[in-house]
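Engineer: structure-v1.txt (compact mmCIF, C-alpha atoms and all ligand atoms) pasted underneath:
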```txt
# COMPACT_ATOMS: atom_id res chain seq x y z
CA MET S 1 -24.55 4.86 -23.55
CA SER S 2 -22.64 7.49 -21.56
CA ALA S 3 -19.91 4.91 -20.87
CA VAL S 4 -19.53 4.49 -24.62
CA ILE S 5 -19.18 8.25 -25.10
CA GLU S 6 -16.71 8.44 -22.24
CA LEU S 7 -14.62 5.68 -23.72
CA LYS S 8 -14.68 7.26 -27.16
CA ASN S 9 -13.61 10.61 -25.68
CA HIS S 10 -10.80 8.88 -23.90
CA LEU S 11 -9.75 7.12 -27.08
CA ALA S 12 -9.96 10.41 -28.94
CA ASP S 13 -7.62 11.96 -26.36
CA GLN S 14 -5.22 9.13 -26.91
CA LEU S 15 -5.43 9.59 -30.64
CA VAL S 16 -4.53 13.25 -30.40
CA SER S 17 -1.84 13.18 -27.75
CA ASP S 18 -0.38 9.66 -27.61
CA VAL S 19 -0.44 10.17 -23.83
CA ILE S 20 -1.80 7.54 -21.51
CA GLU S 21 -1.76 7.92 -17.72
CA GLY S 22 0.66 10.80 -18.22
CA TYR S 23 3.13 8.65 -20.17
CA SER S 24 3.89 8.35 -23.87
CA ALA S 25 2.08 5.33 -25.32
CA THR S 26 4.91 5.00 -27.80
CA LYS S 27 7.52 4.84 -25.02
CA LEU S 28 5.45 2.29 -23.12
CA SER S 29 5.19 0.14 -26.26
CA GLU S 30 8.95 0.38 -26.68
CA LEU S 31 9.48 -0.74 -23.08
CA ALA S 32 7.10 -3.66 -23.62
CA ALA S 33 9.01 -4.62 -26.78
CA GLN S 34 12.35 -4.32 -25.01
CA TYR S 35 11.52 -6.19 -21.80
CA GLY S 36 8.48 -8.25 -22.78
CA THR S 37 5.20 -8.39 -20.92
CA PRO S 38 3.80 -8.63 -18.33
CA LEU S 39 5.88 -5.65 -17.22
CA PHE S 40 5.39 -3.85 -13.93
CA VAL S 41 6.89 -0.37 -14.05
CA VAL S 42 7.48 1.82 -11.01
CA ASP S 43 7.91 5.54 -11.59
CA GLU S 44 10.64 6.70 -9.22
CA ASP S 45 9.54 10.33 -9.53
CA LYS S 46 6.01 9.46 -8.47
CA ILE S 47 7.34 7.66 -5.39
CA ALA S 48 9.11 10.90 -4.50
CA ALA S 49 6.07 13.05 -5.30
CA GLN S 50 3.73 10.91 -3.18
CA TYR S 51 6.19 10.86 -0.27
CA GLN S 52 6.62 14.61 -0.47
CA ALA S 53 2.88 15.27 -0.79
CA LEU S 54 2.13 13.26 2.35
CA SER S 55 5.07 14.72 4.28
CA SER S 56 3.97 18.25 3.52
CA ALA S 57 0.32 17.45 4.29
CA LEU S 58 1.39 16.09 7.71
CA PRO S 59 4.11 18.49 8.89
CA GLY S 60 5.91 17.20 11.98
CA VAL S 61 4.91 13.57 11.33
CA LYS S 62 7.81 11.25 10.50
CA MET S 63 7.13 8.77 7.71
CA ARG S 64 7.80 5.07 8.17
CA TYR S 65 7.00 3.49 4.77
CA ALA S 66 5.12 0.21 5.20
CA ILE S 67 7.40 -2.07 3.18
CA LYS S 68 4.66 -4.69 2.80
CA ALA S 69 2.83 -2.48 0.27
CA LEU S 70 5.59 -2.73 -2.35
CA PRO S 71 8.74 -4.44 -1.09
CA ASP S 72 11.01 -3.26 -3.88
CA ALA S 73 14.70 -2.49 -3.32
CA GLU S 74 14.74 0.49 -5.70
CA VAL S 75 11.72 1.98 -3.98
CA LEU S 76 13.31 1.56 -0.55
CA ARG S 77 16.61 3.10 -1.67
CA HIS S 78 14.82 6.01 -3.20
CA LEU S 79 12.67 6.64 -0.12
CA HIS S 80 15.72 6.32 2.14
CA ASP S 81 17.52 8.98 0.08
CA LEU S 82 14.52 11.23 0.61
CA GLY S 83 14.76 10.79 4.39
CA CYS S 84 11.92 8.32 4.85
CA GLY S 85 12.08 5.61 7.53
CA PHE S 86 10.50 2.14 7.42
CA ASP S 87 7.81 0.05 9.04
CA ILE S 88 9.13 -3.51 9.15
CA ALA S 89 7.06 -6.55 10.05
CA THR S 90 9.18 -9.56 9.13
CA ASN S 91 12.74 -10.84 8.89
CA GLY S 92 12.36 -10.80 5.10
CA GLU S 93 11.64 -7.07 5.15
CA ILE S 94 14.71 -6.57 7.35
CA ASP S 95 16.78 -8.56 4.84
CA LEU S 96 15.52 -6.34 2.04
CA LEU S 97 16.63 -3.22 3.95
CA LYS S 98 19.99 -4.84 4.64
CA SER S 99 20.44 -5.67 0.96
CA CYS S 100 19.93 -1.96 0.25
CA HIS S 101 22.49 -1.02 2.96
CA ILE S 102 19.77 0.82 4.85
CA GLY S 103 20.32 0.83 8.62
CA ALA S 104 17.80 0.50 11.42
CA ASP S 105 17.85 4.05 12.84
CA GLN S 106 14.52 5.04 11.35
CA THR S 107 12.70 1.72 11.63
CA ILE S 108 9.90 0.44 13.81
CA HIS S 109 8.84 -3.19 14.03
CA THR S 110 5.06 -3.13 13.73
CA HIS S 111 4.08 -6.80 13.79
CA PRO S 112 2.11 -7.30 17.02
CA ILE S 113 2.87 -11.06 17.10
CA LYS S 114 6.47 -12.27 16.84
CA LYS S 115 8.58 -15.31 17.56
CA ASP S 116 11.48 -14.84 19.97
CA GLY S 117 13.79 -15.41 16.98
CA ASP S 118 12.09 -12.56 15.10
CA ILE S 119 12.69 -10.20 18.02
CA GLN S 120 16.34 -11.24 18.21
CA TYR S 121 16.72 -10.78 14.45
CA ALA S 122 15.25 -7.28 14.56
CA LEU S 123 17.40 -6.38 17.58
CA GLY S 124 20.47 -7.70 15.73
CA PHE S 125 19.55 -5.38 12.88
CA GLY S 126 19.35 -2.49 15.33
CA CYS S 127 15.61 -1.91 15.52
CA ARG S 128 14.57 -0.71 18.99
CA ILE S 129 10.88 0.15 18.75
CA PHE S 130 8.40 -2.75 18.71
CA VAL S 131 4.62 -3.00 18.72
CA VAL S 132 2.64 -5.24 21.09
CA ASP S 133 -1.06 -5.63 21.77
CA ASN S 134 -1.29 -8.26 24.53
CA MET S 135 0.39 -9.49 27.70
CA ALA S 136 1.95 -12.62 26.21
CA GLU S 137 3.72 -10.43 23.67
CA ILE S 138 5.00 -8.06 26.34
CA ASP S 139 6.42 -11.06 28.23
CA LYS S 140 8.58 -11.90 25.20
CA PHE S 141 10.59 -8.70 25.81
CA VAL S 142 11.70 -9.45 29.39
CA ASP S 143 15.18 -10.55 28.30
CA TYR S 144 15.59 -7.53 26.04
CA LYS S 145 14.11 -4.84 28.29
CA SER S 146 17.24 -2.72 28.39
CA GLN S 147 17.21 -2.43 24.59
CA VAL S 148 13.59 -1.80 23.63
CA GLN S 149 10.72 0.64 23.76
CA LEU S 150 7.24 -0.72 23.12
CA LEU S 151 4.19 0.80 21.50
CA ILE S 152 0.78 -0.61 22.38
CA ARG S 153 -1.38 -1.11 19.30
CA VAL S 154 -4.93 -0.05 19.97
CA ASN S 155 -7.81 -1.27 17.88
CA PHE S 156 -10.21 1.28 16.43
CA ARG S 157 -12.73 -0.58 14.25
CA ASN S 158 -13.73 1.38 11.17
CA GLN S 159 -16.54 0.09 8.98
CA ASP S 160 -15.75 2.64 6.28
CA ALA S 161 -12.25 1.33 5.57
CA VAL S 162 -11.91 -0.79 2.43
CA VAL S 163 -9.50 -3.03 4.36
CA ASP S 164 -10.20 -3.49 8.08
CA LEU S 165 -6.91 -3.79 9.96
CA SER S 166 -8.33 -3.82 13.49
CA ARG S 167 -10.08 -7.19 13.31
CA LYS S 168 -6.94 -9.21 13.73
CA PHE S 169 -4.69 -6.92 15.76
CA GLY S 170 -4.91 -4.29 18.45
CA CYS S 171 -6.31 -4.21 21.97
CA VAL S 172 -9.32 -2.24 23.11
CA LEU S 173 -8.42 1.15 24.50
CA THR S 174 -9.66 0.28 27.98
CA HIS S 175 -7.13 -2.56 28.16
CA VAL S 176 -4.15 -0.23 27.72
CA PRO S 177 -3.75 0.65 31.44
CA ASP S 178 -3.48 -3.08 32.34
CA LEU S 179 -0.89 -3.64 29.62
CA VAL S 180 1.11 -0.60 30.73
CA ARG S 181 1.10 -1.78 34.36
CA HIS S 182 2.11 -5.28 33.28
CA ALA S 183 5.07 -3.91 31.32
CA GLN S 184 6.05 -1.59 34.18
CA ASN S 185 6.03 -4.50 36.62
CA LEU S 186 8.46 -6.30 34.31
CA GLY S 187 10.63 -3.20 33.94
CA ILE S 188 9.83 -2.82 30.22
CA LYS S 189 9.42 0.68 28.78
CA ILE S 190 6.15 1.59 27.12
CA ALA S 191 6.86 4.59 24.89
CA GLY S 192 3.49 5.14 23.28
CA VAL S 193 0.58 3.94 21.26
CA SER S 194 0.01 2.95 17.64
CA PHE S 195 -3.15 2.32 15.67
CA HIS S 196 -4.25 1.60 12.11
CA VAL S 197 -7.79 2.67 11.30
CA GLY S 198 -7.87 0.54 8.13
CA SER S 199 -6.49 0.88 4.66
CA GLN S 200 -8.00 3.10 1.93
CA VAL S 201 -10.28 5.03 4.27
CA PRO S 202 -12.68 7.49 2.64
CA SER S 203 -12.50 10.23 5.28
CA PRO S 204 -10.05 11.33 7.97
CA TYR S 205 -12.53 11.11 10.83
CA ALA S 206 -11.47 7.67 12.03
CA HIS S 207 -7.91 8.99 12.39
CA VAL S 208 -9.20 12.10 14.17
CA GLU S 209 -11.32 10.12 16.61
CA ALA S 210 -8.47 7.71 17.32
CA ILE S 211 -6.03 10.58 17.96
CA GLU S 212 -8.51 12.29 20.29
CA MET S 213 -9.00 9.07 22.24
CA CYS S 214 -5.25 8.56 22.49
CA ALA S 215 -4.91 12.15 23.80
CA GLU S 216 -7.46 11.34 26.53
CA LEU S 217 -5.61 8.14 27.36
CA PHE S 218 -2.30 10.00 27.70
CA GLN S 219 -3.93 12.59 29.99
CA SER S 220 -5.53 9.86 32.10
CA MET S 221 -2.12 8.22 32.73
CA PRO S 222 0.18 11.20 33.38
CA SER S 223 2.80 9.14 35.22
CA VAL S 224 3.71 7.29 32.00
CA ASP S 225 6.40 8.91 29.86
CA TRP S 226 4.38 8.89 26.61
CA SER S 227 6.76 9.88 23.87
CA ILE S 228 5.48 8.29 20.61
CA LEU S 229 2.13 8.32 18.82
CA ASP S 230 2.01 6.30 15.61
CA ILE S 231 -1.07 7.01 13.48
CA GLY S 232 -0.56 4.11 11.05
CA GLY S 233 -1.56 4.27 7.39
CA GLY S 234 -4.89 4.36 5.62
CA PHE S 235 -4.32 7.44 3.41
CA PRO S 236 -6.49 6.94 0.33
CA ILE S 237 -5.74 7.05 -3.39
CA GLU S 238 -7.93 7.14 -6.50
CA TYR S 239 -8.78 3.89 -8.22
CA ASN S 240 -11.84 4.02 -10.46
CA GLY S 241 -13.47 6.69 -8.32
CA PRO S 242 -12.26 9.89 -6.70
CA ALA S 243 -10.46 10.02 -3.34
CA MET S 244 -10.09 13.05 -1.07
CA ASP S 245 -7.01 15.08 -1.92
CA ILE S 246 -4.30 14.52 0.63
CA GLU S 247 -4.13 18.12 1.90
CA SER S 248 -7.84 18.16 2.74
CA PHE S 249 -7.65 14.65 4.15
CA CYS S 250 -4.82 15.56 6.52
CA GLN S 251 -6.08 18.95 7.68
CA PRO S 252 -8.38 17.63 10.44
CA ILE S 253 -5.74 15.06 11.38
CA ASN S 254 -3.26 17.89 11.93
CA GLU S 255 -5.78 19.72 14.10
CA ALA S 256 -6.23 16.62 16.22
CA LEU S 257 -2.47 16.07 16.43
CA SER S 258 -2.06 19.60 17.80
CA LEU S 259 -3.60 18.20 21.02
CA MET S 260 -0.47 16.16 21.57
CA PRO S 261 2.28 17.42 23.87
CA ALA S 262 4.99 19.19 21.88
CA HIS S 263 7.76 16.78 22.90
CA MET S 264 5.89 13.78 21.49
CA SER S 265 7.29 12.05 18.42
CA LEU S 266 4.58 11.55 15.77
CA LEU S 267 4.88 8.72 13.25
CA ALA S 268 2.83 7.44 10.29
CA GLU S 269 3.14 4.15 8.38
CA PRO S 270 1.92 4.91 4.86
CA GLY S 271 2.02 2.12 2.31
CA ARG S 272 -0.70 2.52 -0.29
CA PHE S 273 -0.44 6.30 -0.60
CA ILE S 274 3.25 6.17 -1.49
CA ALA S 275 3.32 3.01 -3.59
CA GLY S 276 -0.15 2.84 -5.18
CA PRO S 277 -0.07 5.64 -7.76
CA SER S 278 3.60 4.99 -8.55
CA ALA S 279 3.27 1.93 -10.76
CA ILE S 280 1.63 0.84 -13.99
CA HIS S 281 1.37 -2.66 -15.35
CA LEU S 282 1.69 -3.53 -19.04
CA MET S 283 0.00 -6.70 -20.25
CA SER S 284 -0.48 -8.24 -23.70
CA VAL S 285 -3.47 -9.93 -25.25
CA VAL S 286 -2.36 -13.52 -25.79
CA GLY S 287 -5.65 -14.96 -27.00
CA LYS S 288 -9.26 -14.10 -27.75
CA ALA S 289 -12.52 -15.94 -28.05
CA HIS S 290 -16.20 -15.11 -28.53
CA ARG S 291 -18.31 -16.58 -25.79
CA GLY S 292 -21.70 -15.69 -24.37
CA GLY S 293 -22.10 -12.62 -26.60
CA ARG S 294 -18.88 -11.09 -25.42
CA THR S 295 -15.28 -11.06 -26.56
CA TRP S 296 -12.94 -12.69 -24.12
CA TYR S 297 -9.37 -11.37 -24.12
CA TYR S 298 -6.85 -13.58 -22.35
CA LEU S 299 -3.97 -11.49 -21.03
CA ASP S 300 -0.50 -12.57 -19.92
CA ASP S 301 -1.17 -11.53 -16.30
CA GLY S 302 -4.18 -11.48 -14.03
CA VAL S 303 -5.43 -11.81 -10.49
CA TYR S 304 -2.87 -14.45 -9.58
CA GLY S 305 -0.10 -12.11 -10.70
CA ALA S 306 0.43 -8.37 -10.35
CA LEU S 307 -3.32 -7.74 -10.21
CA SER S 308 -3.55 -9.91 -7.09
CA GLY S 309 -4.84 -6.89 -5.18
CA GLN S 310 -8.19 -7.61 -6.80
CA MET S 311 -8.30 -10.74 -4.64
CA PHE S 312 -6.48 -9.68 -1.50
CA ASP S 313 -6.89 -5.91 -1.33
CA HIS S 314 -10.45 -5.41 -2.68
CA ALA S 315 -9.03 -3.12 -5.36
CA ARG S 316 -10.11 -2.63 -8.98
CA TYR S 317 -7.57 -0.94 -11.20
CA PRO S 318 -8.21 1.37 -14.16
CA ILE S 319 -7.25 -0.62 -17.28
CA LYS S 320 -7.04 0.79 -20.82
CA PRO S 321 -5.80 -0.40 -24.19
CA LEU S 322 -2.51 1.21 -25.08
CA LYS S 323 -2.98 1.50 -28.80
CA THR S 324 -4.81 4.41 -30.35
CA PHE S 325 -8.13 3.88 -32.10
CA ASP S 326 -10.13 5.79 -34.61
CA ILE S 327 -13.05 7.15 -32.58
CA THR S 328 -15.50 5.90 -35.18
CA ASN S 329 -14.50 2.35 -34.20
CA PRO S 330 -17.33 0.51 -32.48
CA VAL S 331 -16.88 -0.77 -28.93
CA TYR S 332 -18.05 -4.15 -27.65
CA PRO S 333 -18.81 -5.73 -24.29
CA SER S 334 -15.61 -7.51 -23.41
CA VAL S 335 -14.08 -9.68 -20.73
CA LEU S 336 -10.47 -9.40 -19.58
CA ALA S 337 -9.11 -12.63 -18.17
CA GLY S 338 -5.76 -13.63 -16.73
CA PRO S 339 -3.68 -16.49 -18.13
CA THR S 340 -4.10 -19.18 -15.45
CA CYS S 341 -6.32 -22.22 -15.75
CA ASP S 342 -8.55 -21.08 -12.89
CA SER S 343 -11.86 -19.50 -13.91
CA ILE S 344 -11.64 -17.13 -10.94
CA ASP S 345 -8.81 -15.44 -12.84
CA VAL S 346 -11.03 -12.85 -14.51
CA ILE S 347 -10.03 -9.20 -14.25
CA ASP S 348 -13.13 -7.51 -15.65
CA GLU S 349 -16.33 -9.06 -16.99
CA ASP S 350 -18.04 -5.97 -18.17
CA LYS S 351 -15.76 -3.68 -20.10
CA LEU S 352 -16.53 -1.79 -23.30
CA LEU S 353 -13.56 -2.09 -25.59
CA PRO S 354 -12.80 -1.64 -29.25
CA GLU S 355 -11.83 -4.81 -31.10
CA LEU S 356 -8.37 -5.79 -29.86
CA ALA S 357 -5.97 -8.17 -31.55
CA VAL S 358 -3.63 -10.77 -30.15
CA GLY S 359 -0.45 -8.91 -29.26
CA ASP S 360 -2.18 -5.63 -28.34
CA LEU S 361 -1.10 -4.04 -25.08
CA LEU S 362 -3.19 -2.93 -22.11
CA VAL S 363 -2.08 -0.74 -19.25
CA ALA S 364 -3.36 -0.96 -15.68
CA SER S 365 -2.65 2.02 -13.45
CA GLN S 366 -2.59 2.74 -9.68
CA VAL S 367 -1.17 -0.75 -9.23
CA GLY S 368 1.82 -0.06 -6.96
CA ALA S 369 0.37 -1.15 -3.62
CA TYR S 370 -0.53 -4.70 -2.53
CA THR S 371 -0.17 -6.07 -6.06
CA MET S 372 3.30 -7.38 -6.84
CA ALA S 373 3.62 -7.82 -3.07
CA SER S 374 1.02 -10.57 -3.11
CA ALA S 375 1.55 -11.91 -6.64
CA THR S 376 1.71 -15.71 -6.76
CA VAL S 377 3.33 -18.13 -9.18
CA PHE S 378 0.16 -20.22 -9.55
CA ASN S 379 0.36 -22.55 -12.56
CA LEU S 380 4.08 -21.73 -12.37
CA TYR S 381 3.60 -18.55 -14.32
CA ALA S 382 6.58 -16.46 -13.25
CA LYS S 383 5.89 -13.18 -11.46
CA PRO S 384 5.99 -10.21 -13.84
CA LYS S 385 9.26 -8.45 -14.48
CA SER S 386 9.57 -5.23 -12.55
CA LEU S 387 11.41 -2.03 -13.48
CA CYS S 388 11.90 1.19 -11.57
CA LEU S 389 12.41 4.11 -13.95
CA LYS S 390 12.57 7.86 -13.93
CA ALA S 391 9.39 9.39 -15.35
CA ALA S 392 11.41 10.90 -18.20
CA ALA S 393 12.10 7.41 -19.53
CA MET S 394 8.36 7.03 -20.16
CA LYS S 395 7.56 10.51 -21.49
C1 LIG N 1 0.78 -2.25 10.62
C2 LIG N 1 0.53 -1.62 9.30
N1 LIG N 1 1.04 -0.40 9.06
C3 LIG N 1 0.86 0.22 7.88
C4 LIG N 1 0.16 -0.37 6.87
C5 LIG N 1 0.00 0.38 5.58
O1 LIG N 1 -1.29 0.82 5.43
P1 LIG N 1 -1.74 1.67 4.16
O2 LIG N 1 -1.29 0.95 2.98
O3 LIG N 1 -3.21 1.80 4.31
O4 LIG N 1 -1.08 3.00 4.27
C6 LIG N 1 -0.42 -1.64 7.07
C7 LIG N 1 -1.20 -2.29 6.02
O5 LIG N 1 -1.53 -3.45 6.07
C8 LIG N 1 -0.22 -2.29 8.32
O6 LIG N 1 -0.73 -3.50 8.57
```
Write the structure described by the file as structure tokens, please.

Structural biologist:
Amino acid sequence: MSAVIELKNHLADQLVSDVIEGYSATKLSELAAQYGTPLFVVDEDKIAAQYQALSSALPGVKMRYAIKALPDAEVLRHLHDLGCGFDIATNGEIDLLKSCHIGADQTIHTHPIKKDGDIQYALGFGCRIFVVDNMAEIDKFVDYKSQVQLLIRVNFRNQDAVVDLSRKFGCVLTHVPDLVRHAQNLGIKIAGVSFHVGSQVPSPYAHVEAIEMCAELFQSMPSVDWSILDIGGGFPIEYNGPAMDIESFCQPINEALSLMPAHMSLLAEPGRFIAGPSAIHLMSVVGKAHRGGRTWYYLDDGVYGALSGQMFDHARYPIKPLKTFDITNPVYPSVLAGPTCDSIDVIDEDKLLPELAVGDLLVASQVGAYTMASATVFNLYAKPKSLCLKAAAMK
């Protein structure tokens, strides 16, 4: 019952203000009419606001945006203009930077496993900092030792993270001394350590613990010229529930970072925090049916498209109808399904919605990260169109 009241209050708000997710519903409808749906819209001003919020919450930490989260040329250009650097993992990501005329000065190559050709490609681009987590990977740098500095990725498992990024990559901390000695024997410079405590983490304590353990490691190997600590990503955003605000999240991280020697360069690789809140996705109802006591709405995009993060990133996005309703309208248990022929392509099975019509629009929010990046063309549905706009164009 309370969900019904909540929905009606929300609809009432919409009725009064015509504002949805901070944007004008009328402007969003106009964009949908102009460009068609599905339409993925990035708000350039939110990209800037998220970047600035994280930069000011982590003073002294240089940002290297994880391109994989939302590999969009406009986003990269905008972040570059703001002074942000980039975490690259593939030749394709390098090509995207090149196409934006962004140089390599503020890049790090974070993929722990690379082909020789990948290393050569990144070196040709001008990238000089690479991540490794095992001996075989260190060996690949013998021919390039005069050009590179390596970071050793350490694995800190974190059960609380929504996405565990230490299962597949990273060495255990106790293995670092062996890797350092191996590199030294080959004449390859180890500059520091990187870690990623997992994506969308609920609290900062995994970061804090990892930083403290890195500080102990650095002290235990004083002969190494440790100059870089890279604390990865993981900074959380709100989806359907609250997330810690970024200032509070980063405060204990800053305290832990104060243990680091002053000369050390501190890096972070945020993806989700910058990209996630910066995009909305407009979809249309293309069909409806009554089945099993519920109304099924078939939309023109779903989990194979820009909502692919539901499959790959364990995310659920807030989704609302765009049109305004009289609050006396009844609401019904409804299902939102994507357009493909696969029955896994269901976005929400249990949503209370007013009666929608074919052609009505829905808006999904917080969809910037790990969504378009992993969208497929299954059934040969084209990927959604994507726009990057100033907020004013939607207000
Ligand atoms: C190496 C690396 N760095 C940074 C990120 C970005 O993490 P997040 O989106 O949690 O900030 C990822 C995510 O997969 C990653 O694998």

Engineer: Restricting the calculation to all atoms listed in the file: of S:Asp133, S:Asp116, S:Asp300, S:Glu238, which residue gets closest to Ser365 of chain S?

Structural biologist: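 Distance minimum relative to Ser365 of chain S lands on S:Glu238.
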
Engineer: Write out, as a Markdown table, each residue of chain S that has an atom at most 8 Å from ligand LIG 1 (chain N), together with the closest pair of atoms and their distance in Å to one decimal, counting all atoms listed in the file, rows going by chain and rising number.

Structural biologist:
```
| residue | atom | partner | partner_atom | distance |
| --- | --- | --- | --- | --- |
| S:Tyr65 | CA | N:LIG1 | C3 | 7.6 |
| S:Ala66 | CA | N:LIG1 | C3 | 5.0 |
| S:Lys68 | CA | N:LIG1 | C7 | 7.1 |
| S:Ala69 | CA | N:LIG1 | O2 | 6.0 |
| S:Asp87 | CA | N:LIG1 | N1 | 6.8 |
| S:Ala89 | CA | N:LIG1 | C1 | 7.6 |
| S:Thr110 | CA | N:LIG1 | C1 | 5.4 |
| S:His111 | CA | N:LIG1 | C1 | 6.5 |
| S:Val163 | CA | N:LIG1 | O3 | 7.9 |
| S:Leu165 | CA | N:LIG1 | O6 | 6.3 |
| S:Phe195 | CA | N:LIG1 | C1 | 7.9 |
| S:His196 | CA | N:LIG1 | C2 | 6.4 |
| S:Gly198 | CA | N:LIG1 | O3 | 6.2 |
| S:Ser199 | CA | N:LIG1 | O3 | 3.4 |
| S:Gln200 | CA | N:LIG1 | O3 | 5.5 |
| S:Val201 | CA | N:LIG1 | O3 | 7.8 |
| S:Gly232 | CA | N:LIG1 | N1 | 5.2 |
| S:Gly233 | CA | N:LIG1 | O4 | 3.4 |
| S:Gly234 | CA | N:LIG1 | O3 | 3.3 |
| S:Phe235 | CA | N:LIG1 | O4 | 5.6 |
| S:Pro236 | CA | N:LIG1 | O3 | 7.3 |
| S:Ala268 | CA | N:LIG1 | C3 | 7.9 |
| S:Glu269 | CA | N:LIG1 | C3 | 4.6 |
| S:Pro270 | CA | N:LIG1 | O4 | 3.6 |
| S:Gly271 | CA | N:LIG1 | O2 | 3.6 |
| S:Arg272 | CA | N:LIG1 | O2 | 3.7 |
| S:Phe273 | CA | N:LIG1 | O4 | 5.9 |
| S:Ile274 | CA | N:LIG1 | O4 | 7.9 |
| S:Ala369 | CA | N:LIG1 | O2 | 7.1 |
| S:Tyr370 | CA | N:LIG1 | O2 | 7.9 |
```

Engineer: Taking only C-alpha atoms into account, name the residue in S:Val193, S:Cys214, S:Val42, S:Val377 that is nearest to Tyr304 of chain S.

Structural biologist: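 Closest candidate: S:Val377.
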
Engineer: Work out how far atom CA of Asp301 of chain S is from atom CA of Pro384 of chain S, in Å to one decimal.

Structural biologist: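 Separation of atom CA of Pro384 of chain S and atom CA of Asp301 of chain S: 7.7 Å.
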
Engineer: Find the residues of segment 200-301 of chain S that sit at most 10 Å from segment 335-359 of chain S; for each, write down the nearest two atoms and how far apart they are in Å, to one decimal. Count all atoms listed in the file. Sort by chain, then by number going up, and give it as a Markdown table.

Structural biologist:
```
| residue | atom | partner | partner_atom | distance |
| --- | --- | --- | --- | --- |
| S:Met283 | CA | S:Gly359 | CA | 9.3 |
| S:Ser284 | CA | S:Gly359 | CA | 5.6 |
| S:Val285 | CA | S:Val358 | CA | 5.0 |
| S:Val286 | CA | S:Val358 | CA | 5.3 |
| S:Gly287 | CA | S:Val358 | CA | 5.6 |
| S:Lys288 | CA | S:Val358 | CA | 7.0 |
| S:Ala289 | CA | S:Val335 | CA | 9.8 |
| S:His290 | CA | S:Val335 | CA | 9.7 |
| S:Arg291 | CA | S:Val335 | CA | 9.5 |
| S:Arg294 | CA | S:Val335 | CA | 6.9 |
| S:Thr295 | CA | S:Val335 | CA | 6.1 |
| S:Trp296 | CA | S:Val335 | CA | 4.7 |
| S:Tyr297 | CA | S:Leu336 | CA | 5.1 |
| S:Tyr298 | CA | S:Ala337 | CA | 4.8 |
| S:Leu299 | CA | S:Gly338 | CA | 5.1 |
| S:Asp300 | CA | S:Pro339 | CA | 5.4 |
| S:Asp301 | CA | S:Gly338 | CA | 5.1 |
```

Engineer: Skipping near chain neighbours, those fewer than 5 positions away, what residues fall within 10 Å of Ala393 of chain S using only C-alpha atoms, listed as an NGL selection string?

Structural biologist: :S and (23-24 or 27-28 or 31 or 43)

Engineer: Kindly indicate which residue among S:Ser386, S:Lys395, S:Gly22, S:Ser258 lies nearest to Ala73 of chain S, using only C-alpha atoms for the distances.

Structural biologist: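 Closest residue, counting only C-alpha atoms: S:Ser386.
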
Engineer: Go through S:Pro202, S:Val180, S:Glu74, S:Leu380 and flag the residue nearest Pro242 of chain S, using all atoms listed in the file for the distances.

Structural biologist: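 When distances to Pro242 of chain S are compared using all atoms listed in the file, the smallest one comes from S:Pro202.
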
Engineer: Go ahead and compute the interatomic distance for atom CA of Arg157 of chain S and atom CA of Pro112 of chain S, in Å to one decimal.

Structural biologist: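 Atom-to-atom, atom CA of Arg157 of chain S and atom CA of Pro112 of chain S are spaced 16.5 Å apart.
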
Engineer: Expressed in Å to a single decimal, how great is the separation between atom CA of Ala25 of chain S and atom CA of Phe325 of chain S?

Structural biologist: 12.3 Å

Engineer: At a cut-off of 9 Å, can you tabulate as JSON lines every residue of segment 253-313 of chain S near segment 223-229 of chain S together with its closest atom pair and the distance in Å to one decimal, using all atoms listed in the file and ordering rows by chain then number?

Structural biologist:
```
{"residue": "S:Met260", "atom": "CA", "partner": "S:Leu229", "partner_atom": "CA", "distance": 8.7}
{"residue": "S:Pro261", "atom": "CA", "partner": "S:Ser227", "partner_atom": "CA", "distance": 8.8}
{"residue": "S:His263", "atom": "CA", "partner": "S:Ser227", "partner_atom": "CA", "distance": 7.0}
{"residue": "S:Met264", "atom": "CA", "partner": "S:Ser227", "partner_atom": "CA", "distance": 4.7}
{"residue": "S:Ser265", "atom": "CA", "partner": "S:Ile228", "partner_atom": "CA", "distance": 4.7}
{"residue": "S:Leu266", "atom": "CA", "partner": "S:Leu229", "partner_atom": "CA", "distance": 5.1}
{"residue": "S:Leu267", "atom": "CA", "partner": "S:Leu229", "partner_atom": "CA", "distance": 6.2}
{"residue": "S:Ala268", "atom": "CA", "partner": "S:Leu229", "partner_atom": "CA", "distance": 8.6}
```

Engineer: Could you write out as AutoDock Vina command-line options the box around segment 253-271 of chain S (axis-aligned, all atoms listed in the file, 3 Å on each side), with centre and edge lengths in Å to one decimal?

Structural biologist:
```
--center_x 0.8 --center_y 10.9 --center_z 13.1 --size_x 20.0 --size_y 23.6 --size_z 27.6
```

Engineer: I need the residue nearest Leu58 of chain S from this list: S:Phe40, S:Phe249, S:Tyr381, S:Tyr205. Use only C-alpha atoms for the distance.

Structural biologist: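 Checking each of S:Phe40, S:Phe249, S:Tyr381, S:Tyr205 against Leu58 of chain S, counting only C-alpha atoms, the winner is S:Phe249.
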
Engineer: Go through S:Leu259, S:Ile113, S:Ala279, S:Met244 and flag the residue nearest Leu70 of chain S, using all atoms listed in the file for the distances.

Structural biologist: S:Ala279

Engineer: I'd like the neighbourhood of Asn240 of chain S as a ChimeraX atom specification, where a residue qualifies if any of its atoms comes within 10 Å (using all atoms listed in the file), though same-chain residues fewer than 2 positions away should be ignored.

Structural biologist: /S:237-238,242-243,315-319,365-366

Engineer: Using all atoms listed in the file, which protein or nucleic acid residues come within 8 Å of Leu151 of chain S? Drop anything in the same chain fewer than 6 positions from it, and give the result as a list in words.

Structural biologist: Ile129, Phe130, Val131, Val132, Ile190, Ala191, Gly192, Val193, Ser194 and Ile228 of chain S
